[in-house]
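Novice: Pasting a structure here, questions to come.
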Amino acid sequence: MTRAEDIKKHIEKEKQDGKYHKQIRIEDNATGFSYEKVFQEYLTEILSEVWVEDPYIRNVHQLYNFLRFCEMLVKGPCKVQTIHLLTSYEKGSGRSQQISGLEEIQQSLRNYGITLNIAFSSSIHDREIRFNNGWMIKIGRGLDYFKKPLGHFSIGYCDFDLRPCHETTVDVFHTKHTKKM
């Protein structure tokens, strides 16, 4: 028991020092990986600003994923004041739906005292979420790692803990120990 407590203390110290790297491997069809489960331990009370870089916040289901991520931030112990989103434009006729959806999320967040800054890039590829408390999360599939539900009234439609996932990897780093080139 003492060894387990020592290991737990060591991990906590590594987290505080920013030397911590955690990798979560999400298997195909795995469940139990809601945004709350993946991000909760990094949503500290000092967190006030978030940067989301994800080229695929374009289609309706991707907009809902981003909305659910924002809802998690609103409910969390953190006091987020600003969210920065960098994504790419939807091609063709879906662009107006993408823009109106993002503007609706922006207005809804404003009602909670949160500013959503939206920017677009035609060259963005990587997916990354950064918190101003130093944590950086890289998800191979970005926020879009959930599979399509079987139907509108199927288990997992509303609760992402019950929704099967696509296979992906989540890497968590602290910016204190990352090199900028």
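Letters for chains follow the order of the structure tokens (A, B, ...), residue numbers begin at 1 for each chain, and ligand numbers begin at 1 in the order shown.
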Which of chain A end up as strand (DSSP E) when DSSP is run on this backbone - answer as a PyMOL selection string?
Specialist: chain A and resi 22-26+49-53+82-87+115-120+128-131+135-139+168-174
Novice: Quick one: residues within 6 Å of Gly140 (chain A), only C-alpha atoms, excluding same-chain residues fewer than 2 positions away - as a ChimeraX atom specification?
Specialist: /A:142,168-169
Novice: Identify, with DSSP run on backbone atoms, the residues in chain A assigned to alpha helix (DSSP H), and express the list as a ChimeraX atom specification.
Specialist: /A:2-17,35-39,60-75,94-110
Novice: Quick one: contact table of region 24-139 of chain A to region 148-166 of chain A, 7 Å max, nearest atom pair and distance in Å to one decimal per residue, counting only C-alpha atoms, chain and number order, as a tab-separated table?
Specialist:
```
residue	atom	partner	partner_atom	distance
A:Glu27	CA	A:His166	CA	7.0
A:Asp28	CA	A:His166	CA	4.8
A:Asn29	CA	A:Pro164	CA	4.5
A:Ala30	CA	A:Pro164	CA	5.3
A:Thr31	CA	A:Pro164	CA	4.9
A:Gly32	CA	A:Asp161	CA	4.2
A:Phe33	CA	A:Asp161	CA	5.5
A:Ser34	CA	A:Asp161	CA	4.6
```
Novice: How close does region 121-164 of chain A get to region 51-58 of chain A? List, as a tab-separated table, each residue of region 121-164 of chain A within 6 Å, its nearest atom pair and the distance in Å to one decimal, counting only C-alpha atoms.
Specialist:
```
residue	atom	partner	partner_atom	distance
A:Ile124	CA	A:Pro55	CA	5.9
A:Arg127	CA	A:Asp54	CA	4.7
A:Glu128	CA	A:Glu53	CA	5.1
A:Ile129	CA	A:Val52	CA	4.6
A:Arg130	CA	A:Trp51	CA	5.1
A:Gly142	CA	A:Asp54	CA	6.0
```
